[in-house]
$ cat structure22.cif   # mmCIF, C-alpha atoms
data_input
loop_
_atom_site.group_PDB
_atom_site.id
_atom_site.type_symbol
_atom_site.label_atom_id
_atom_site.label_comp_id
_atom_site.auth_asym_id
_atom_site.auth_seq_id
_atom_site.Cartn_x
_atom_site.Cartn_y
_atom_site.Cartn_z
ATOM 1 C CA MET A 780 0.000 0.000 0.000
ATOM 2 C CA GLY A 781 1.434 3.372 -1.100
ATOM 3 C CA LYS A 782 1.398 6.587 0.854
ATOM 4 C CA THR A 783 -1.744 8.703 0.692
ATOM 5 C CA LYS A 784 -1.497 11.869 -1.396
ATOM 6 C CA ALA A 785 -3.754 14.892 -1.777
ATOM 7 C CA SER A 786 -4.529 13.821 -5.361
ATOM 8 C CA ASP A 787 -6.278 10.766 -3.881
ATOM 9 C CA TYR A 788 -8.950 13.202 -2.635
ATOM 10 C CA PHE A 789 -8.914 16.231 -4.954
ATOM 11 C CA LYS A 790 -9.131 16.584 -8.758
ATOM 12 C CA ASN A 791 -7.636 20.079 -8.975
ATOM 13 C CA MET A 792 -6.355 22.964 -6.865
ATOM 14 C CA ASP A 793 -9.704 24.784 -7.079
ATOM 15 C CA GLU A 794 -11.238 21.869 -5.156
ATOM 16 C CA VAL A 795 -8.445 22.149 -2.589
ATOM 17 C CA ALA A 796 -9.085 25.892 -2.173
ATOM 18 C CA ASP A 797 -12.845 25.331 -1.827
ATOM 19 C CA TYR A 798 -12.240 22.637 0.773
ATOM 20 C CA VAL A 799 -9.961 24.843 2.863
ATOM 21 C CA GLU A 800 -12.421 27.746 2.707
ATOM 22 C CA SER A 801 -15.241 25.430 3.840
ATOM 23 C CA LEU A 802 -13.417 24.484 7.038
ATOM 24 C CA LYS A 803 -14.879 25.840 10.232
ATOM 25 C CA MET A 804 -11.806 27.228 11.934
ATOM 26 C CA PRO A 805 -10.366 30.574 13.004
ATOM 27 C CA PRO A 806 -8.490 32.710 10.454
ATOM 28 C CA LYS A 807 -5.093 31.641 11.815
ATOM 29 C CA GLY A 808 -6.040 27.989 11.305
ATOM 30 C CA LYS A 809 -7.161 28.675 7.728
ATOM 31 C CA TYR A 810 -3.919 30.534 7.089
ATOM 32 C CA TYR A 811 -1.918 27.454 8.112
ATOM 33 C CA MET A 812 -4.155 25.191 6.021
ATOM 34 C CA ARG A 813 -3.576 27.450 2.985
ATOM 35 C CA LEU A 814 0.158 27.306 3.733
ATOM 36 C CA LEU A 815 0.053 23.508 4.009
ATOM 37 C CA PHE A 816 -1.800 23.104 0.698
ATOM 38 C CA GLY A 817 0.283 25.677 -1.209
ATOM 39 C CA LEU A 818 -2.518 28.206 -1.579
ATOM 40 C CA LEU A 819 -0.680 31.288 -0.285
ATOM 41 C CA GLU A 820 0.907 33.966 -2.406
ATOM 42 C CA ASN A 821 4.671 34.307 -2.116
ATOM 43 C CA GLU A 822 5.463 36.045 1.184
ATOM 44 C CA GLY A 823 9.139 36.601 0.434
ATOM 45 C CA ASP A 824 11.016 39.358 -1.332
ATOM 46 C CA SER A 825 10.379 38.280 -4.895
ATOM 47 C CA ILE A 826 10.528 39.164 -8.565
ATOM 48 C CA PRO A 827 8.217 38.045 -11.375
ATOM 49 C CA VAL A 828 9.551 35.183 -13.500
ATOM 50 C CA LEU A 829 7.816 34.043 -16.678
ATOM 51 C CA ILE A 830 6.851 30.364 -16.309
ATOM 52 C CA ASP A 831 4.526 28.703 -18.825
ATOM 53 C CA GLY A 832 3.451 32.119 -20.077
ATOM 54 C CA LYS A 833 2.528 33.382 -16.585
ATOM 55 C CA LYS A 834 4.421 35.772 -14.342
ATOM 56 C CA ILE A 835 5.078 34.014 -11.034
ATOM 57 C CA ASN A 836 6.672 35.750 -8.051
ATOM 58 C CA ILE A 837 9.870 33.891 -7.127
ATOM 59 C CA ASP A 838 12.192 34.613 -4.201
ATOM 60 C CA ILE A 839 14.893 36.949 -5.495
ATOM 61 C CA SER A 840 17.863 34.789 -4.514
ATOM 62 C CA ILE A 841 16.594 31.731 -6.417
ATOM 63 C CA ALA A 842 14.956 33.344 -9.449
ATOM 64 C CA ASP A 843 17.968 32.501 -11.643
ATOM 65 C CA THR A 844 17.865 28.926 -10.330
ATOM 66 C CA VAL A 845 14.194 28.557 -11.245
ATOM 67 C CA ILE A 846 14.879 29.952 -14.721
ATOM 68 C CA ALA A 847 17.827 27.557 -15.143
ATOM 69 C CA PHE A 848 15.711 24.573 -14.042
ATOM 70 C CA ASN A 849 12.991 25.435 -16.540
ATOM 71 C CA ASN A 850 15.534 26.063 -19.307
ATOM 72 C CA ALA A 851 17.079 22.639 -18.602
ATOM 73 C CA GLY A 852 13.675 20.972 -19.057
ATOM 74 C CA LEU A 853 12.979 20.606 -15.326
ATOM 75 C CA LYS A 854 9.560 22.242 -14.895
ATOM 76 C CA VAL A 855 9.448 23.972 -11.517
ATOM 77 C CA LEU A 856 6.143 23.540 -9.681
ATOM 78 C CA ALA A 857 6.973 25.325 -6.412
ATOM 79 C CA CYS A 858 9.927 26.728 -4.529
ATOM 80 C CA CYS A 859 11.087 28.804 -1.574
ATOM 81 C CA SER A 860 14.614 30.015 -0.855
ATOM 82 C CA GLY A 861 14.136 29.371 2.857
ATOM 83 C CA LEU A 862 16.235 32.434 3.583
ATOM 84 C CA ALA A 863 14.913 34.363 6.568
ATOM 85 C CA SER A 864 16.484 37.520 5.127
ATOM 86 C CA GLU A 865 14.043 37.289 2.187
ATOM 87 C CA HIS A 866 11.019 36.539 4.359
ATOM 88 C CA THR A 867 11.091 39.364 6.900
ATOM 89 C CA HIS A 868 7.370 40.083 6.358
ATOM 90 C CA ALA A 869 6.205 36.441 6.308
ATOM 91 C CA LYS A 870 3.792 35.272 8.981
ATOM 92 C CA THR A 871 5.742 32.044 9.455
ATOM 93 C CA LYS A 872 9.419 31.470 10.126
ATOM 94 C CA HIS A 873 11.303 29.979 7.187
ATOM 95 C CA THR A 874 13.943 27.507 8.312
ATOM 96 C CA SER A 875 14.392 25.538 5.091
ATOM 97 C CA GLY A 876 14.061 26.042 1.373
ATOM 98 C CA TYR A 877 13.001 23.727 -1.405
ATOM 99 C CA ILE A 878 12.445 23.369 -5.093
ATOM 100 C CA SER A 879 9.953 20.885 -6.544
ATOM 101 C CA ILE A 880 9.768 19.923 -10.192
ATOM 102 C CA LEU A 881 7.281 17.946 -12.249
ATOM 103 C CA LYS A 882 8.222 14.262 -12.220
ATOM 104 C CA THR A 883 8.379 12.705 -15.683
ATOM 105 C CA PRO A 884 10.606 9.845 -16.862
ATOM 106 C CA SER A 885 13.016 12.287 -18.540
ATOM 107 C CA SER A 886 13.062 14.795 -15.670
ATOM 108 C CA GLU A 887 13.686 11.998 -13.175
ATOM 109 C CA THR A 888 16.618 10.683 -15.223
ATOM 110 C CA LEU A 889 18.204 14.140 -15.390
ATOM 111 C CA PHE A 890 17.373 14.890 -11.739
ATOM 112 C CA ARG A 891 19.037 11.665 -10.554
ATOM 113 C CA LYS A 892 22.101 12.399 -12.696
ATOM 114 C CA LEU A 893 22.425 15.981 -11.466
ATOM 115 C CA PHE A 894 21.675 15.734 -7.795
ATOM 116 C CA THR A 895 23.715 13.225 -5.826
ATOM 117 C CA TYR A 896 24.262 15.447 -2.807
ATOM 118 C CA LYS A 897 24.857 14.020 0.642
ATOM 119 C CA ASP A 898 23.949 17.248 2.448
ATOM 120 C CA ILE A 899 20.698 18.085 0.633
ATOM 121 C CA LYS A 900 17.539 16.040 1.147
ATOM 122 C CA ILE A 901 16.132 14.614 -2.064
ATOM 123 C CA GLU A 902 12.587 13.293 -2.497
ATOM 124 C CA TYR A 903 11.844 11.178 -5.551
ATOM 125 C CA ASP A 904 8.215 10.294 -4.841
ATOM 126 C CA GLY A 905 6.493 13.492 -3.781
ATOM 127 C CA GLU A 906 3.496 15.479 -4.878
ATOM 128 C CA THR A 907 3.235 19.224 -5.469
ATOM 129 C CA TYR A 908 -0.048 20.888 -6.441
ATOM 130 C CA LEU A 909 -1.548 17.409 -7.012
ATOM 131 C CA LYS A 910 1.190 16.520 -9.530
ATOM 132 C CA PRO A 911 3.962 13.945 -9.109
ATOM 133 C CA SER A 912 7.155 15.736 -8.137
ATOM 134 C CA LEU A 913 10.837 15.502 -7.350
ATOM 135 C CA SER A 914 12.214 17.851 -4.690
ATOM 136 C CA LEU A 915 15.366 19.174 -3.118
ATOM 137 C CA LYS A 916 15.181 20.483 0.468
ATOM 138 C CA ILE A 917 17.757 23.055 1.559
ATOM 139 C CA GLU A 918 18.614 23.348 5.261
ATOM 140 C CA GLY A 919 21.277 25.026 7.373
ATOM 141 C CA SER A 920 22.295 28.524 8.348
ATOM 142 C CA GLU A 921 21.576 31.438 6.029
ATOM 143 C CA LYS A 922 25.142 31.189 4.712
ATOM 144 C CA VAL A 923 24.891 27.418 4.169
ATOM 145 C CA LYS A 924 21.536 27.700 2.377
ATOM 146 C CA ALA A 925 22.878 30.446 0.102
ATOM 147 C CA TYR A 926 25.930 28.277 -0.705
ATOM 148 C CA LYS A 927 23.734 25.247 -1.492
ATOM 149 C CA TRP A 928 21.521 27.308 -3.825
ATOM 150 C CA LYS A 929 24.623 28.526 -5.693
ATOM 151 C CA LYS A 930 25.859 24.935 -6.021
ATOM 152 C CA ILE A 931 22.479 23.789 -7.367
ATOM 153 C CA LEU A 932 22.375 26.670 -9.869
ATOM 154 C CA SER A 933 25.885 25.836 -11.057
ATOM 155 C CA ASP A 934 25.010 22.140 -11.483
ATOM 156 C CA VAL A 935 21.827 22.907 -13.437
ATOM 157 C CA LYS A 936 23.651 25.335 -15.737
ATOM 158 C CA LYS A 937 26.404 22.750 -16.281
ATOM 159 C CA ALA A 938 23.821 20.081 -17.173
ATOM 160 C CA LYS A 939 22.125 22.420 -19.642
ATOM 161 C CA HIS A 940 25.499 23.101 -21.274
ATOM 162 C CA GLU A 941 26.375 19.376 -21.396
ATOM 163 C CA THR A 942 23.050 18.427 -22.994
ATOM 164 C CA GLY A 943 23.361 21.250 -25.524
ATOM 165 C CA GLN A 944 19.971 22.771 -24.688
ATOM 166 C CA SER A 945 19.648 26.450 -25.505
#
$ encode --input "structure22.cif" --output "structure tokens"
Amino acid sequence: MGKTKASDYFKNMDEVADYVESLKMPPKGKYYMRLLFGLLENEGDSIPVLIDGKKINIDISIADTVIAFNNAGLKVLACCSGLASEHTHAKTKHTSGYISILKTPSSETLFRKLFTYKDIKIEYDGETYLKPSLSLKIEGSEKVKAYKWKKILSDVKKAKHETGQS
């Protein structure tokens, strides 16, 4: 028996949003439910990045990383730098960052080739916005997280160069 996922219960994110709004709980509880289900707007210092024809606000420090992932054929579904310095106005404390991409056979092959880190948590069987996903979780001090993001960006750019994608 596999692990239960949100997609076992919901067909789309509109259903998720309707469900959360239907809950009888105080505003703070609904806020945390929206956070849990990925329904909040970006609370960090961000810039708009064009993804699938839409402008999405991405944390400033990882915007280039998100662009590089997408340019390498790794479709980013969700991300957060996890840097407290970029989330000074957020209602919750950010202690870790992450990037989740759409899991396809080709993205998984490239993801497994690229990311063999011992100090970054890797999830190969996740779900993001009801879609199968692969994720990297970034933890540590502000300095360590910033270093890890630079390493990831460098590795993704190197992979794009090696595969000859433009």
$ atom_distance --input "structure22.cif" --atom1 "CA of Phe789 (chain A)" --atom2 "CA of Pro806 (chain A)"
22.6 Å
$ resolve_selection --input "structure22.cif" --expression "the PyMOL selection byres ((chain A and resi 904-907) around 9)" --output "ChimeraX atom specification"
/A:784-786,816-817,856-857,879-882,902-903,908-914
$ write_last_selection --input "structure22.cif" --atoms "C-alpha atoms" --output "short mmCIF file (atom, residue, chain, number, x, y, z; two decimals), keeping the file's coordinate frame"
data_model
loop_
_atom_site.label_atom_id
_atom_site.label_comp_id
_atom_site.auth_asym_id
_atom_site.auth_seq_id
_atom_site.Cartn_x
_atom_site.Cartn_y
_atom_site.Cartn_z
CA LYS A 784 -1.50 11.87 -1.40
CA ALA A 785 -3.75 14.89 -1.78
CA SER A 786 -4.53 13.82 -5.36
CA PHE A 816 -1.80 23.10 0.70
CA GLY A 817 0.28 25.68 -1.21
CA LEU A 856 6.14 23.54 -9.68
CA ALA A 857 6.97 25.32 -6.41
CA SER A 879 9.95 20.88 -6.54
CA ILE A 880 9.77 19.92 -10.19
CA LEU A 881 7.28 17.95 -12.25
CA LYS A 882 8.22 14.26 -12.22
CA GLU A 902 12.59 13.29 -2.50
CA TYR A 903 11.84 11.18 -5.55
CA TYR A 908 -0.05 20.89 -6.44
CA LEU A 909 -1.55 17.41 -7.01
CA LYS A 910 1.19 16.52 -9.53
CA PRO A 911 3.96 13.94 -9.11
CA SER A 912 7.16 15.74 -8.14
CA LEU A 913 10.84 15.50 -7.35
CA SER A 914 12.21 17.85 -4.69
#
$ closest_residue --input "structure22.cif" --among "A:Phe890, A:Ala925, A:Met804, A:Lys900" --to "Ala851 (chain A)" --atoms "all atoms listed in the file"
A:Phe890
$ closest_residue --input "structure22.cif" --among "A:Leu814, A:Ala863, A:Met792, A:Leu932" --to "Asp843 (chain A)" --atoms "all atoms listed in the file"
A:Leu932
$ atom_distance --input "structure22.cif" --atom1 "CA of Lys892 (chain A)" --atom2 "CA of Val855 (chain A)"
17.2 Å
$ closest_atom_pairs --input "structure22.cif" --of "region 841-869 of chain A" --to "region 819-835 of chain A" --cutoff "6 Å" --atoms "only C-alpha atoms" --output "Markdown table"
| residue | atom | partner | partner_atom | distance |
| --- | --- | --- | --- | --- |
| A:Glu865 | CA | A:Asp824 | CA | 5.1 |
| A:His866 | CA | A:Gly823 | CA | 4.4 |
| A:Ala869 | CA | A:Glu822 | CA | 5.2 |
$ write_last_selection --input "structure22.cif" --atoms "C-alpha atoms" --output "short mmCIF file (atom, residue, chain, number, x, y, z; two decimals), keeping the file's coordinate frame"
data_model
loop_
_atom_site.label_atom_id
_atom_site.label_comp_id
_atom_site.auth_asym_id
_atom_site.auth_seq_id
_atom_site.Cartn_x
_atom_site.Cartn_y
_atom_site.Cartn_z
CA GLU A 865 14.04 37.29 2.19
CA HIS A 866 11.02 36.54 4.36
CA ALA A 869 6.20 36.44 6.31
#
$ residues_around --input "structure22.cif" --residues "Thr895 (chain A)" --least-positions-apart "6" --cutoff "12 Å" --atoms "only C-alpha atoms" --output "count of residues only"
7
$ closest_residue --input "structure22.cif" --among "A:Lys929, A:Lys809, A:Lys924, A:Lys790" --to "Thr874 (chain A)" --atoms "only C-alpha atoms"
A:Lys924
$ closest_residue --input "structure22.cif" --among "A:Lys854, A:Lys927, A:His873, A:Lys916" --to "Ser885 (chain A)" --atoms "all atoms listed in the file"
A:Lys854
$ closest_residue --input "structure22.cif" --among "A:Ile846, A:Ile839, A:Val935, A:Lys872" --to "Phe894 (chain A)" --atoms "all atoms listed in the file"
A:Val935
$ decode --input "structure22.cif" --residues "region 843-911 of chain A" --atoms "C-alpha atoms" --output "mmCIF file, in the first residue's frame"
data_model
loop_
_atom_site.group_PDB
_atom_site.id
_atom_site.type_symbol
_atom_site.label_atom_id
_atom_site.label_comp_id
_atom_site.auth_asym_id
_atom_site.auth_seq_id
_atom_site.Cartn_x
_atom_site.Cartn_y
_atom_site.Cartn_z
ATOM 1 C CA ASP A 843 17.968 32.501 -11.643
ATOM 2 C CA THR A 844 17.865 28.926 -10.330
ATOM 3 C CA VAL A 845 14.194 28.557 -11.245
ATOM 4 C CA ILE A 846 14.879 29.952 -14.721
ATOM 5 C CA ALA A 847 17.827 27.557 -15.143
ATOM 6 C CA PHE A 848 15.711 24.573 -14.042
ATOM 7 C CA ASN A 849 12.991 25.435 -16.540
ATOM 8 C CA ASN A 850 15.534 26.063 -19.307
ATOM 9 C CA ALA A 851 17.079 22.639 -18.602
ATOM 10 C CA GLY A 852 13.675 20.972 -19.057
ATOM 11 C CA LEU A 853 12.979 20.606 -15.326
ATOM 12 C CA LYS A 854 9.560 22.242 -14.895
ATOM 13 C CA VAL A 855 9.448 23.972 -11.517
ATOM 14 C CA LEU A 856 6.143 23.540 -9.681
ATOM 15 C CA ALA A 857 6.973 25.325 -6.412
ATOM 16 C CA CYS A 858 9.927 26.728 -4.529
ATOM 17 C CA CYS A 859 11.087 28.804 -1.574
ATOM 18 C CA SER A 860 14.614 30.015 -0.855
ATOM 19 C CA GLY A 861 14.136 29.371 2.857
ATOM 20 C CA LEU A 862 16.235 32.434 3.583
ATOM 21 C CA ALA A 863 14.913 34.363 6.568
ATOM 22 C CA SER A 864 16.484 37.520 5.127
ATOM 23 C CA GLU A 865 14.043 37.289 2.187
ATOM 24 C CA HIS A 866 11.019 36.539 4.359
ATOM 25 C CA THR A 867 11.091 39.364 6.900
ATOM 26 C CA HIS A 868 7.370 40.083 6.358
ATOM 27 C CA ALA A 869 6.205 36.441 6.308
ATOM 28 C CA LYS A 870 3.792 35.272 8.981
ATOM 29 C CA THR A 871 5.742 32.044 9.455
ATOM 30 C CA LYS A 872 9.419 31.470 10.126
ATOM 31 C CA HIS A 873 11.303 29.979 7.187
ATOM 32 C CA THR A 874 13.943 27.507 8.312
ATOM 33 C CA SER A 875 14.392 25.538 5.091
ATOM 34 C CA GLY A 876 14.061 26.042 1.373
ATOM 35 C CA TYR A 877 13.001 23.727 -1.405
ATOM 36 C CA ILE A 878 12.445 23.369 -5.093
ATOM 37 C CA SER A 879 9.953 20.885 -6.544
ATOM 38 C CA ILE A 880 9.768 19.923 -10.192
ATOM 39 C CA LEU A 881 7.281 17.946 -12.249
ATOM 40 C CA LYS A 882 8.222 14.262 -12.220
ATOM 41 C CA THR A 883 8.379 12.705 -15.683
ATOM 42 C CA PRO A 884 10.606 9.845 -16.862
ATOM 43 C CA SER A 885 13.016 12.287 -18.540
ATOM 44 C CA SER A 886 13.062 14.795 -15.670
ATOM 45 C CA GLU A 887 13.686 11.998 -13.175
ATOM 46 C CA THR A 888 16.618 10.683 -15.223
ATOM 47 C CA LEU A 889 18.204 14.140 -15.390
ATOM 48 C CA PHE A 890 17.373 14.890 -11.739
ATOM 49 C CA ARG A 891 19.037 11.665 -10.554
ATOM 50 C CA LYS A 892 22.101 12.399 -12.696
ATOM 51 C CA LEU A 893 22.425 15.981 -11.466
ATOM 52 C CA PHE A 894 21.675 15.734 -7.795
ATOM 53 C CA THR A 895 23.715 13.225 -5.826
ATOM 54 C CA TYR A 896 24.262 15.447 -2.807
ATOM 55 C CA LYS A 897 24.857 14.020 0.642
ATOM 56 C CA ASP A 898 23.949 17.248 2.448
ATOM 57 C CA ILE A 899 20.698 18.085 0.633
ATOM 58 C CA LYS A 900 17.539 16.040 1.147
ATOM 59 C CA ILE A 901 16.132 14.614 -2.064
ATOM 60 C CA GLU A 902 12.587 13.293 -2.497
ATOM 61 C CA TYR A 903 11.844 11.178 -5.551
ATOM 62 C CA ASP A 904 8.215 10.294 -4.841
ATOM 63 C CA GLY A 905 6.493 13.492 -3.781
ATOM 64 C CA GLU A 906 3.496 15.479 -4.878
ATOM 65 C CA THR A 907 3.235 19.224 -5.469
ATOM 66 C CA TYR A 908 -0.048 20.888 -6.441
ATOM 67 C CA LEU A 909 -1.548 17.409 -7.012
ATOM 68 C CA LYS A 910 1.190 16.520 -9.530
ATOM 69 C CA PRO A 911 3.962 13.945 -9.109
#
